[in-house]
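Q: Data file structure-v3.cif (mmCIF, C-alpha atoms) is appended below.
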data_my_file
loop_
_atom_site.label_atom_id
_atom_site.label_comp_id
_atom_site.auth_asym_id
_atom_site.auth_seq_id
_atom_site.Cartn_x
_atom_site.Cartn_y
_atom_site.Cartn_z
CA MET S 130 -22.89 -117.09 -102.11
CA HIS S 131 -22.96 -120.81 -102.84
CA ASP S 132 -24.43 -123.54 -100.72
CA ALA S 133 -21.52 -125.90 -101.21
CA HIS S 134 -18.39 -126.12 -103.31
CA ALA S 135 -16.65 -129.40 -104.01
CA GLY S 136 -13.19 -129.74 -105.50
CA HIS S 137 -12.71 -132.20 -108.38
CA ASP S 138 -13.22 -135.92 -107.76
CA HIS S 139 -12.51 -135.71 -104.06
CA ALA S 140 -13.71 -133.23 -101.47
CA ALA S 141 -11.91 -129.91 -101.00
CA HIS S 142 -9.08 -130.48 -98.53
CA GLY S 143 -9.75 -127.36 -96.50
CA HIS S 144 -13.31 -128.57 -95.90
CA GLU S 145 -12.04 -131.99 -94.85
CA GLU S 146 -9.86 -130.41 -92.17
CA ALA S 147 -12.70 -128.20 -91.00
CA CYS S 148 -14.83 -131.32 -90.48
CA GLY S 149 -12.03 -133.07 -88.63
CA HIS S 150 -11.08 -135.42 -91.49
CA ASP S 151 -7.42 -134.85 -92.22
CA HIS S 152 -6.42 -137.38 -94.86
CA GLY S 153 -2.78 -136.39 -94.67
CA HIS S 154 -2.46 -135.03 -98.21
CA GLY S 155 0.08 -132.48 -97.12
CA GLY S 156 -1.46 -129.12 -97.98
CA LEU S 157 -3.26 -127.45 -100.85
CA PHE S 158 -0.99 -128.77 -103.61
CA GLY S 159 0.49 -131.70 -101.71
CA HIS S 160 -2.01 -134.37 -102.77
CA HIS S 161 -0.34 -134.87 -106.19
CA HIS S 162 -3.47 -136.42 -107.66
CA VAL S 163 -2.04 -137.23 -111.09
CA HIS S 164 -3.64 -139.32 -113.83
CA THR S 165 -0.84 -140.13 -116.27
CA PRO S 166 -0.13 -143.12 -118.49
CA ALA S 167 2.96 -145.29 -118.31
CA SER S 168 6.18 -143.43 -119.02
CA TYR S 169 7.73 -143.69 -122.49
CA GLY S 170 11.10 -142.38 -121.30
CA ARG S 171 12.90 -145.55 -122.38
CA ALA S 172 11.30 -145.41 -125.83
CA PHE S 173 12.40 -141.79 -126.25
CA ALA S 174 15.94 -142.59 -125.10
CA ILE S 175 16.26 -145.52 -127.53
CA GLY S 176 14.73 -143.52 -130.39
CA ILE S 177 17.01 -140.53 -129.87
CA ALA S 178 20.10 -142.74 -129.56
CA LEU S 179 19.27 -144.66 -132.76
CA ASN S 180 18.68 -141.49 -134.72
CA LEU S 181 21.81 -139.74 -133.41
CA VAL S 182 23.97 -142.66 -134.50
CA TYR S 183 22.25 -142.61 -137.89
CA VAL S 184 22.75 -138.84 -138.29
CA VAL S 185 26.46 -139.07 -137.47
CA GLY S 186 26.96 -142.01 -139.84
CA GLU S 187 25.03 -140.28 -142.63
CA ALA S 188 26.99 -137.05 -142.22
CA VAL S 189 30.35 -138.89 -142.27
CA TRP S 190 29.33 -140.88 -145.35
CA GLY S 191 28.10 -137.70 -147.01
CA VAL S 192 31.42 -135.91 -146.44
CA ARG S 193 33.48 -138.87 -147.67
CA SER S 194 31.37 -139.37 -150.81
CA HIS S 195 30.88 -135.62 -151.41
CA ALA S 196 27.10 -136.24 -151.55
CA LEU S 197 25.24 -133.04 -150.68
CA SER S 198 21.93 -134.93 -150.65
CA LEU S 199 23.17 -137.12 -147.81
CA LEU S 200 24.36 -134.10 -145.83
CA ALA S 201 21.00 -132.39 -146.37
CA ASP S 202 19.16 -135.52 -145.23
CA ALA S 203 21.43 -135.72 -142.18
CA GLY S 204 20.29 -132.21 -141.27
CA HIS S 205 16.70 -133.29 -141.73
CA ASN S 206 17.19 -136.32 -139.50
CA LEU S 207 18.80 -134.09 -136.89
CA SER S 208 15.46 -132.26 -136.77
CA ASP S 209 13.88 -135.64 -135.96
CA VAL S 210 16.16 -135.93 -132.95
CA LEU S 211 15.12 -132.45 -131.81
CA ALA S 212 11.44 -133.32 -132.31
CA LEU S 213 11.81 -136.47 -130.22
CA GLY S 214 13.67 -134.47 -127.58
CA ALA S 215 10.89 -131.89 -127.42
CA ALA S 216 8.22 -134.59 -127.11
CA TRP S 217 10.22 -136.32 -124.37
CA LEU S 218 10.70 -133.06 -122.47
CA ALA S 219 6.97 -132.41 -122.69
CA GLU S 220 6.20 -135.88 -121.32
CA VAL S 221 8.57 -135.30 -118.40
CA LEU S 222 7.17 -131.83 -117.69
CA SER S 223 3.58 -133.10 -117.83
CA ARG S 224 4.38 -135.37 -114.88
CA ARG S 225 5.58 -132.56 -112.63
CA SER S 226 3.48 -131.95 -109.55
CA PRO S 227 1.22 -128.87 -109.31
CA THR S 228 2.56 -125.75 -107.61
CA THR S 229 1.00 -122.55 -106.32
CA ASN S 230 1.71 -120.87 -109.66
CA PHE S 231 1.12 -123.85 -111.97
CA THR S 232 -1.97 -125.33 -110.34
CA TYR S 233 -2.37 -128.00 -113.03
CA GLY S 234 1.35 -128.67 -113.18
CA TRP S 235 2.96 -128.57 -116.62
CA ARG S 236 0.48 -130.91 -118.29
CA ARG S 237 -0.30 -128.53 -121.16
CA SER S 238 3.31 -128.81 -122.37
CA SER S 239 2.32 -132.13 -124.00
CA ILE S 240 -0.29 -130.27 -126.08
CA LEU S 241 2.24 -127.62 -127.12
CA ALA S 242 4.76 -130.32 -128.06
CA ALA S 243 2.19 -132.08 -130.25
CA LEU S 244 1.32 -128.78 -131.93
CA GLY S 245 5.01 -127.96 -132.45
CA ASN S 246 5.65 -131.41 -133.89
CA ALA S 247 2.80 -130.98 -136.39
CA VAL S 248 4.00 -127.54 -137.48
CA ALA S 249 7.63 -128.71 -137.80
CA LEU S 250 6.61 -131.74 -139.85
CA LEU S 251 4.56 -129.61 -142.24
CA VAL S 252 7.36 -127.04 -142.63
CA VAL S 253 10.00 -129.70 -143.30
CA THR S 254 7.70 -131.51 -145.75
CA GLY S 255 7.00 -128.22 -147.51
CA GLY S 256 10.74 -127.67 -147.93
CA ILE S 257 11.16 -131.15 -149.38
CA MET S 258 8.30 -130.51 -151.83
CA TRP S 259 9.92 -127.27 -152.95
CA GLU S 260 13.17 -129.09 -153.63
CA ALA S 261 11.23 -131.77 -155.54
CA VAL S 262 9.59 -129.13 -157.74
CA LEU S 263 13.02 -127.65 -158.53
CA ARG S 264 14.30 -131.09 -159.47
CA LEU S 265 11.31 -131.61 -161.75
CA ILE S 266 12.28 -128.44 -163.60
CA HIS S 267 16.02 -129.12 -163.51
CA PRO S 268 16.59 -132.87 -163.00
CA HIS S 269 20.04 -134.03 -162.00
CA PRO S 270 21.53 -137.44 -161.23
CA VAL S 271 20.87 -139.03 -157.85
CA ALA S 272 23.97 -139.94 -155.85
CA GLY S 273 23.35 -143.56 -156.77
CA VAL S 274 23.73 -146.75 -154.78
CA ALA S 275 25.24 -144.97 -151.76
CA VAL S 276 22.08 -142.89 -151.29
CA MET S 277 19.90 -145.99 -151.65
CA VAL S 278 21.93 -147.85 -149.01
CA VAL S 279 21.79 -144.96 -146.54
CA ALA S 280 18.05 -144.47 -147.18
CA GLY S 281 17.55 -148.21 -146.61
CA ILE S 282 19.22 -147.90 -143.21
CA GLY S 283 16.95 -144.91 -142.58
CA ILE S 284 13.88 -147.09 -143.19
CA VAL S 285 15.02 -149.45 -140.44
CA VAL S 286 16.01 -146.73 -137.95
CA ASN S 287 12.93 -144.55 -138.45
CA GLY S 288 10.61 -147.55 -138.67
CA LEU S 289 11.87 -149.06 -135.41
CA THR S 290 11.65 -145.68 -133.68
CA ALA S 291 8.07 -145.21 -134.90
CA LEU S 292 7.12 -148.66 -133.55
CA LEU S 293 8.29 -147.61 -130.08
CA PHE S 294 5.46 -145.05 -129.98
CA ALA S 295 2.80 -146.91 -131.98
CA SER S 296 0.79 -148.14 -128.98
CA GLY S 297 1.04 -144.91 -126.96
CA GLY S 298 0.12 -142.81 -129.98
CA LYS S 299 -3.40 -144.26 -129.95
CA LYS S 300 -4.21 -142.50 -126.67
CA ASP S 301 -1.72 -139.64 -126.38
CA LEU S 302 -1.51 -136.92 -129.03
CA ASN S 303 2.04 -136.02 -128.02
CA LEU S 304 3.19 -139.62 -128.59
CA HIS S 305 1.14 -139.73 -131.78
CA GLY S 306 3.10 -136.72 -133.02
CA ALA S 307 6.40 -138.51 -132.33
CA PHE S 308 5.10 -141.65 -134.06
CA LEU S 309 3.85 -139.73 -137.10
CA HIS S 310 7.14 -137.81 -137.44
CA MET S 311 9.23 -140.99 -137.47
CA ALA S 312 6.80 -143.01 -139.61
CA SER S 313 6.74 -140.22 -142.19
CA ASP S 314 10.53 -140.27 -142.41
CA ALA S 315 10.49 -144.04 -142.84
CA VAL S 316 8.04 -143.69 -145.73
CA MET S 317 10.15 -140.90 -147.27
CA ALA S 318 13.29 -143.08 -147.01
CA LEU S 319 11.37 -145.92 -148.70
CA ALA S 320 10.45 -143.53 -151.50
CA VAL S 321 14.12 -142.60 -151.94
CA VAL S 322 15.08 -146.27 -152.27
CA ALA S 323 12.20 -146.97 -154.68
CA GLY S 324 13.00 -143.88 -156.74
CA GLY S 325 16.68 -144.76 -156.90
CA GLY S 326 15.86 -148.27 -158.05
CA LEU S 327 13.49 -147.07 -160.77
CA ILE S 328 16.02 -144.51 -161.98
CA PHE S 329 18.66 -147.25 -162.11
CA LEU S 330 16.33 -149.39 -164.24
CA THR S 331 14.84 -146.72 -166.52
CA GLY S 332 17.32 -143.84 -166.44
CA TRP S 333 14.44 -141.34 -166.08
CA LEU S 334 15.65 -138.76 -163.52
CA ARG S 335 12.24 -137.18 -162.87
CA ILE S 336 10.99 -140.33 -161.15
CA ASP S 337 12.69 -139.29 -157.90
CA PRO S 338 10.97 -135.87 -157.48
CA ILE S 339 7.60 -137.26 -158.63
CA ILE S 340 7.68 -139.98 -155.96
CA CYS S 341 8.85 -137.39 -153.44
CA LEU S 342 5.87 -135.13 -154.20
CA VAL S 343 3.36 -137.98 -153.91
CA VAL S 344 4.78 -139.12 -150.57
CA SER S 345 4.96 -135.54 -149.29
CA LEU S 346 1.28 -134.96 -150.09
CA SER S 347 0.35 -138.14 -148.22
CA ILE S 348 2.40 -136.98 -145.21
CA ILE S 349 0.62 -133.61 -145.23
CA LEU S 350 -2.77 -135.34 -145.29
CA ALA S 351 -1.74 -137.58 -142.38
CA THR S 352 -0.31 -134.64 -140.42
CA TRP S 353 -3.34 -132.41 -140.90
CA SER S 354 -5.38 -134.27 -138.27
CA LEU S 355 -2.49 -133.96 -135.79
CA LEU S 356 -2.33 -130.20 -136.43
CA ARG S 357 -6.11 -129.84 -136.13
CA ASP S 358 -6.41 -131.87 -132.92
CA SER S 359 -3.41 -130.27 -131.20
CA LEU S 360 -4.62 -126.78 -132.15
CA ASP S 361 -8.09 -127.62 -130.83
CA MET S 362 -6.55 -128.74 -127.54
CA ALA S 363 -4.41 -125.60 -127.31
CA LEU S 364 -7.61 -123.55 -127.72
CA ASP S 365 -9.47 -125.57 -125.04
CA ARG S 366 -11.96 -127.17 -127.42
CA VAL S 367 -14.05 -129.98 -125.94
CA PRO S 368 -11.99 -133.10 -126.69
CA ARG S 369 -13.15 -135.17 -129.64
CA GLY S 370 -15.11 -138.18 -128.46
CA ILE S 371 -16.84 -136.27 -125.65
CA ASP S 372 -20.37 -135.04 -126.32
CA PRO S 373 -21.04 -132.02 -124.03
CA THR S 374 -24.79 -132.48 -124.50
CA ALA S 375 -24.55 -136.05 -123.20
CA VAL S 376 -22.43 -134.85 -120.25
CA ALA S 377 -25.03 -132.21 -119.37
CA ALA S 378 -27.83 -134.78 -119.68
CA PHE S 379 -26.04 -137.13 -117.30
CA LEU S 380 -25.41 -134.39 -114.73
CA ARG S 381 -29.13 -133.55 -114.75
CA THR S 382 -29.90 -137.13 -113.69
CA LEU S 383 -28.01 -136.72 -110.41
CA PRO S 384 -30.27 -136.84 -107.33
CA GLY S 385 -31.77 -133.45 -106.50
CA VAL S 386 -30.31 -131.66 -109.54
CA CYS S 387 -32.88 -129.71 -111.54
CA ASP S 388 -30.61 -127.56 -113.70
CA LEU S 389 -27.00 -126.61 -114.39
CA HIS S 390 -24.96 -123.79 -115.90
CA ASP S 391 -21.37 -122.66 -116.50
CA LEU S 392 -20.41 -126.09 -117.87
CA HIS S 393 -16.85 -126.19 -119.21
CA ILE S 394 -14.99 -129.22 -120.58
CA TRP S 395 -11.40 -128.87 -121.77
CA PRO S 396 -8.13 -130.82 -122.08
CA ILE S 397 -5.43 -130.11 -119.51
CA SER S 398 -3.01 -132.43 -121.32
CA THR S 399 -3.00 -134.80 -124.28
CA THR S 400 -4.37 -137.55 -122.01
CA GLU S 401 -6.45 -135.77 -119.35
CA THR S 402 -9.74 -133.87 -119.46
CA ALA S 403 -11.16 -131.47 -116.87
CA LEU S 404 -14.69 -130.23 -116.19
CA THR S 405 -16.28 -127.49 -114.12
CA VAL S 406 -20.02 -126.97 -113.66
CA HIS S 407 -22.57 -125.33 -111.36
CA LEU S 408 -25.33 -127.79 -110.39
CA VAL S 409 -28.63 -126.29 -109.26
CA ARG S 410 -30.62 -128.18 -106.64
CA ALA S 411 -34.40 -128.52 -106.80
CA ALA S 412 -36.61 -126.30 -104.66
CA GLY S 413 -37.47 -129.13 -102.28
CA GLU S 414 -33.84 -130.04 -101.66
CA GLN S 415 -32.33 -128.42 -98.58
CA GLY S 416 -28.92 -128.61 -96.92
CA HIS S 417 -25.83 -130.17 -98.40
CA ALA S 418 -25.71 -132.64 -101.26
CA PRO S 419 -26.32 -136.29 -100.28
CA ASP S 420 -23.28 -138.17 -99.04
CA GLY S 421 -21.45 -139.88 -101.86
CA LEU S 422 -23.07 -137.79 -104.61
CA LEU S 423 -19.90 -135.98 -105.61
CA ASN S 424 -17.80 -139.14 -105.57
CA ARG S 425 -20.44 -140.96 -107.61
CA ALA S 426 -20.60 -138.12 -110.14
CA ALA S 427 -16.80 -138.05 -110.45
CA ALA S 428 -16.60 -141.81 -110.94
CA GLU S 429 -19.36 -141.79 -113.56
CA LEU S 430 -17.80 -138.87 -115.44
CA GLN S 431 -14.52 -140.77 -115.66
CA ALA S 432 -16.12 -144.09 -116.61
CA ARG S 433 -18.53 -142.69 -119.21
CA PHE S 434 -16.63 -139.76 -120.68
CA GLY S 435 -12.98 -140.11 -119.61
CA ILE S 436 -13.14 -136.88 -117.58
CA VAL S 437 -10.62 -137.34 -114.76
CA HIS S 438 -10.63 -133.90 -113.14
CA PRO S 439 -14.21 -132.69 -112.48
CA THR S 440 -15.09 -129.78 -110.20
CA LEU S 441 -18.75 -129.64 -109.16
CA GLN S 442 -20.29 -126.59 -107.46
CA ILE S 443 -23.68 -127.02 -105.79
CA GLU S 444 -26.16 -124.09 -105.73
CA THR S 445 -29.70 -123.55 -104.50
CA LEU S 446 -32.31 -122.04 -106.81
CA THR S 447 -31.86 -118.70 -105.06
CA ASP S 448 -28.09 -118.83 -105.49
CA ALA S 449 -28.46 -119.81 -109.14
CA GLY S 450 -30.71 -116.84 -109.82
CA GLN S 451 -28.04 -114.50 -108.49
CA CYS S 452 -24.98 -116.32 -109.90
CA ILE S 453 -22.96 -113.99 -112.13
CA LEU S 454 -21.85 -116.99 -114.22
CA ALA S 455 -25.39 -118.13 -115.02
CA GLU S 456 -25.60 -115.96 -118.14
CA ALA S 457 -25.12 -117.85 -121.40
CA HIS S 458 -22.33 -115.50 -122.54
CA SER S 459 -20.34 -115.83 -119.32
CA VAL S 460 -17.15 -117.85 -119.10
#
Could you render the structure as structure tokens?
A:
Amino acid sequence: MHDAHAGHDHAAHGHEEACGHDHGHGGLFGHHHVHTPASYGRAFAIGIALNLVYVVGEAVWGVRSHALSLLADAGHNLSDVLALGAAWLAEVLSRRSPTTNFTYGWRRSSILAALGNAVALLVVTGGIMWEAVLRLIHPHPVAGVAVMVVAGIGIVVNGLTALLFASGGKKDLNLHGAFLHMASDAVMALAVVAGGGLIFLTGWLRIDPIICLVVSLSIILATWSLLRDSLDMALDRVPRGIDPTAVAAFLRTLPGVCDLHDLHIWPISTTETALTVHLVRAAGEQGHAPDGLLNRAAAELQARFGIVHPTLQIETLTDAGQCILAEAHSV
């Protein structure tokens, strides 16, 4: 049906072999063409280790001092360890090579981890806000200096862990989720210390839940963008920062291209974007696309729009008129 079909940013391997150009990629899924950033495995390992030590210490201190608030916070910090573990697992899975059943590998796991991190953070924050409301209605004494000391240690542990993911979080939504989770806990621990200090100075018990509510609202506002972006990615929305109209306009400037249809742009991970499109050649253009056109298009799409996995299908005007995917409602 189609004049030519080209796989992403390099020619389809079966066509290479048919033309006598075997590049030795080792089969349909053997090329392992992966575009992934530097691994943050060490950062995850350090972050999980720091937080596990802190959780154990907090739980032991809570049992010895009979402070339920410390035991509750230890449970909360254990959820941080699980969140970091989930984000780390997603990063590892996203690097796995494609297979016959998972043709893009497990890259989408990073999107699901970011979405899960956002949901977990909102649920935990909601629980803390509920407890704060109850304490506003029925205030009771804070465990005192012991809680402030433990919360102070929490600022250091959570703050250092957040810093491990600060740079990666600017480009990877999964790492941003890990950063936001730990930074939020550091801010919450700071609020506990500040609240404890103010209560010690003024004796007003409602200061603690009021500060907690204010900090919780700020965390929800900060987390909302993570939830929105990760949900958009899970639903295959065009990544923010890519203008599909500009992409279409660029593709129309390619030599011999007079039209296009069935343009799709979607994230395959928190760091990679894919594209598929049917390019229609002008009436005067015959034969295959000019040599180098597909490689040029792929390079330009990556340089201009950050699209690293394009698939371009070339059609003649006759083919385009009969293409079942040319209708506007087709997907």
Q: Residues within 9 Å of Ser359 (chain S), please, as number ranges by chain. Count only C-alpha atoms; anything in the same chain fewer than 2 positions from it doesn't count.
A: S: 240-245, 247, 302-303, 354-357, 361-364, 399
Q: Could you write out as a ChimeraX atom specification the residues that the PyMOL selection byres ((chain S and resi 434) around 12) matches in the shown file?
A: /S:367-377,379-380,394,401-404,426-433,435-439
Q: Go through S:His305, S:Arg335, S:His310, S:His205 one by one, measure the shortest atom-to-atom distance of each to Arg264 (chain S) using all atoms listed in the file, and give the residue with the smallest value.
A: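 Ranked by minimum distance to Arg264 (chain S), first place goes to S:Arg335.
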Q: For this file, the PyMOL selection byres ((chain S and resi 311-318) around 7) selects which residues, as a list in words?
A: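 Applied to this file, the PyMOL selection byres ((chain S and resi 311-318) around 7) returns Ala280, Gly281, Gly283, Ile284, Asn287, Gly288, Thr290, Ala291, Ala307, Phe308, Leu309, His310, Leu319, Ala320, Val321, Val322, Val344 and Ile348 of chain S.
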Q: May I have the residues from that selection written out with C-alpha atoms, as a JSON list (two decimals), in the coordinates of the input?
A:
[["chain", "number", "residue", "atom", "x", "y", "z"],
["S", 280, "ALA", "CA", 18.05, -144.47, -147.18],
["S", 281, "GLY", "CA", 17.55, -148.21, -146.61],
["S", 283, "GLY", "CA", 16.95, -144.91, -142.58],
["S", 284, "ILE", "CA", 13.88, -147.09, -143.19],
["S", 287, "ASN", "CA", 12.93, -144.55, -138.45],
["S", 288, "GLY", "CA", 10.61, -147.55, -138.67],
["S", 290, "THR", "CA", 11.65, -145.68, -133.68],
["S", 291, "ALA", "CA", 8.07, -145.21, -134.90],
["S", 307, "ALA", "CA", 6.40, -138.51, -132.33],
["S", 308, "PHE", "CA", 5.10, -141.65, -134.06],
["S", 309, "LEU", "CA", 3.85, -139.73, -137.10],
["S", 310, "HIS", "CA", 7.14, -137.81, -137.44],
["S", 319, "LEU", "CA", 11.37, -145.92, -148.70],
["S", 320, "ALA", "CA", 10.45, -143.53, -151.50],
["S", 321, "VAL", "CA", 14.12, -142.60, -151.94],
["S", 322, "VAL", "CA", 15.08, -146.27, -152.27],
["S", 344, "VAL", "CA", 4.78, -139.12, -150.57],
["S", 348, "ILE", "CA", 2.40, -136.98, -145.21]]
Q: Work out how far apart CA of Pro268 (chain S) and CA of Leu346 (chain S) are and give it in Å to one decimal.
A: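 Atom-to-atom, CA of Pro268 (chain S) and CA of Leu346 (chain S) are spaced 20.1 Å apart.
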Q: Nearest to Trp259 (chain S): which of S:Gly306, S:Leu327, S:Asn230, S:Leu342 is it, counting only C-alpha atoms?
A: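 Checking each of S:Gly306, S:Leu327, S:Asn230, S:Leu342 against Trp259 (chain S), counting only C-alpha atoms, the winner is S:Leu342.
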Q: Using all atoms listed in the file, which protein or nucleic acid residues come within 8 Å of Gly324 (chain S)? Drop anything in the same chain fewer than 4 positions from it, and give the result as a ChimeraX atom specification.
A: /S:320,328,336-337,340
Q: Within 7 Å of (-20.9, -124.5, -110.8), in the coordinates the file gives, what residues turn up when you count all atoms listed in the file, written out as number ranges by chain?
A: S: 390-391, 405-408, 441-443
Q: Please write as a PyMOL selection string the list of polymer residues whose atoms come within 12 Å of (18.0, -138.1, -130.7), counting all atoms listed in the file and keeping to the coordinates of the file.
A: chain S and resi 172-185+206-217+286-287+290+307+311
Q: From the list S:Glu444, S:Glu220, S:Glu187, S:Asp202, which residue is nearest Thr400 (chain S) when using all atoms listed in the file?
A: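 Using all atoms listed in the file, the shortest distance to Thr400 (chain S) belongs to S:Glu220.
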Q: Where does the PyMOL selection byres ((chain S and resi 384) around 9) land in this file, that is, which residues does it pick, as a ChimeraX atom specification?
A: /S:381-383,385-387,410,418-419,422
Q: Calculated over all atoms listed in the file, which of the candidates S:Val278, S:Leu293, S:Ala249, S:Ala219 has the smallest distance to Gly234 (chain S)?
A: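 Among the listed residues, the smallest separation from Gly234 (chain S) belongs to S:Ala219.
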Q: Which of these residues is nearest to Ala203 (chain S), using all atoms listed in the file: S:Ile266, S:Ser226, S:Val276, S:Leu251?
A: S:Val276
Q: So that I can look at just that part, could you write region 338-357 of chain S with N, CA, C and O atoms, as an mmCIF file, in the first residue's frame?
A:
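What ended up in result34.cif:
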data_model
loop_
_atom_site.group_PDB
_atom_site.id
_atom_site.type_symbol
_atom_site.label_atom_id
_atom_site.label_comp_id
_atom_site.auth_asym_id
_atom_site.auth_seq_id
_atom_site.Cartn_x
_atom_site.Cartn_y
_atom_site.Cartn_z
ATOM 1 N N PRO S 338 -0.681 22.487 64.946
ATOM 2 C CA PRO S 338 -1.555 22.097 63.835
ATOM 3 C C PRO S 338 -1.745 23.202 62.797
ATOM 4 O O PRO S 338 -1.928 22.902 61.607
ATOM 5 N N ILE S 339 -1.699 24.467 63.211
ATOM 6 C CA ILE S 339 -1.843 25.561 62.246
ATOM 7 C C ILE S 339 -0.671 25.560 61.260
ATOM 8 O O ILE S 339 -0.858 25.651 60.041
ATOM 9 N N ILE S 340 0.553 25.446 61.796
ATOM 10 C CA ILE S 340 1.729 25.380 60.924
ATOM 11 C C ILE S 340 1.649 24.156 60.020
ATOM 12 O O ILE S 340 1.967 24.215 58.823
ATOM 13 N N CYS S 341 1.200 23.048 60.583
ATOM 14 C CA CYS S 341 1.080 21.806 59.817
ATOM 15 C C CYS S 341 0.123 21.975 58.638
ATOM 16 O O CYS S 341 0.396 21.524 57.525
ATOM 17 N N LEU S 342 -1.010 22.649 58.854
ATOM 18 C CA LEU S 342 -1.984 22.865 57.790
ATOM 19 C C LEU S 342 -1.422 23.760 56.691
ATOM 20 O O LEU S 342 -1.620 23.500 55.499
ATOM 21 N N VAL S 343 -0.723 24.815 57.091
ATOM 22 C CA VAL S 343 -0.136 25.728 56.103
ATOM 23 C C VAL S 343 0.892 25.010 55.236
ATOM 24 O O VAL S 343 0.884 25.123 54.001
ATOM 25 N N VAL S 344 1.766 24.249 55.881
ATOM 26 C CA VAL S 344 2.795 23.503 55.137
ATOM 27 C C VAL S 344 2.151 22.444 54.244
ATOM 28 O O VAL S 344 2.554 22.248 53.092
ATOM 29 N N SER S 345 1.135 21.770 54.754
ATOM 30 C CA SER S 345 0.457 20.734 53.966
ATOM 31 C C SER S 345 -0.176 21.319 52.713
ATOM 32 O O SER S 345 -0.113 20.719 51.630
ATOM 33 N N LEU S 346 -0.793 22.482 52.836
ATOM 34 C CA LEU S 346 -1.397 23.135 51.662
ATOM 35 C C LEU S 346 -0.331 23.488 50.630
ATOM 36 O O LEU S 346 -0.551 23.333 49.422
ATOM 37 N N SER S 347 0.825 23.955 51.098
ATOM 38 C CA SER S 347 1.901 24.288 50.160
ATOM 39 C C SER S 347 2.429 23.036 49.457
ATOM 40 O O SER S 347 2.771 23.072 48.277
ATOM 41 N N ILE S 348 2.476 21.914 50.180
ATOM 42 C CA ILE S 348 2.917 20.652 49.580
ATOM 43 C C ILE S 348 1.926 20.194 48.515
ATOM 44 O O ILE S 348 2.309 19.724 47.438
ATOM 45 N N ILE S 349 0.632 20.336 48.801
ATOM 46 C CA ILE S 349 -0.387 19.949 47.824
ATOM 47 C C ILE S 349 -0.266 20.790 46.560
ATOM 48 O O ILE S 349 -0.351 20.274 45.429
ATOM 49 N N LEU S 350 -0.048 22.088 46.720
ATOM 50 C CA LEU S 350 0.120 22.964 45.555
ATOM 51 C C LEU S 350 1.340 22.563 44.737
ATOM 52 O O LEU S 350 1.305 22.556 43.503
ATOM 53 N N ALA S 351 2.432 22.217 45.424
ATOM 54 C CA ALA S 351 3.651 21.812 44.721
ATOM 55 C C ALA S 351 3.485 20.452 44.051
ATOM 56 O O ALA S 351 4.055 20.198 42.984
ATOM 57 N N THR S 352 2.703 19.574 44.665
ATOM 58 C CA THR S 352 2.515 18.219 44.132
ATOM 59 C C THR S 352 1.530 18.190 42.981
ATOM 60 O O THR S 352 1.553 17.273 42.150
ATOM 61 N N TRP S 353 0.658 19.179 42.908
ATOM 62 C CA TRP S 353 -0.399 19.163 41.893
ATOM 63 C C TRP S 353 0.175 19.107 40.479
ATOM 64 O O TRP S 353 -0.341 18.396 39.616
ATOM 65 N N SER S 354 1.260 19.851 40.233
ATOM 66 C CA SER S 354 1.861 19.838 38.899
ATOM 67 C C SER S 354 2.454 18.471 38.583
ATOM 68 O O SER S 354 2.397 18.006 37.433
ATOM 69 N N LEU S 355 3.035 17.803 39.595
ATOM 70 C CA LEU S 355 3.556 16.452 39.395
ATOM 71 C C LEU S 355 2.429 15.496 39.041
ATOM 72 O O LEU S 355 2.560 14.677 38.121
ATOM 73 N N LEU S 356 1.303 15.594 39.734
ATOM 74 C CA LEU S 356 0.153 14.740 39.444
ATOM 75 C C LEU S 356 -0.371 15.014 38.042
ATOM 76 O O LEU S 356 -0.636 14.083 37.270
ATOM 77 N N ARG S 357 -0.507 16.290 37.698
ATOM 78 C CA ARG S 357 -1.020 16.663 36.375
ATOM 79 C C ARG S 357 -0.108 16.161 35.263
ATOM 80 O O ARG S 357 -0.571 15.532 34.299
#
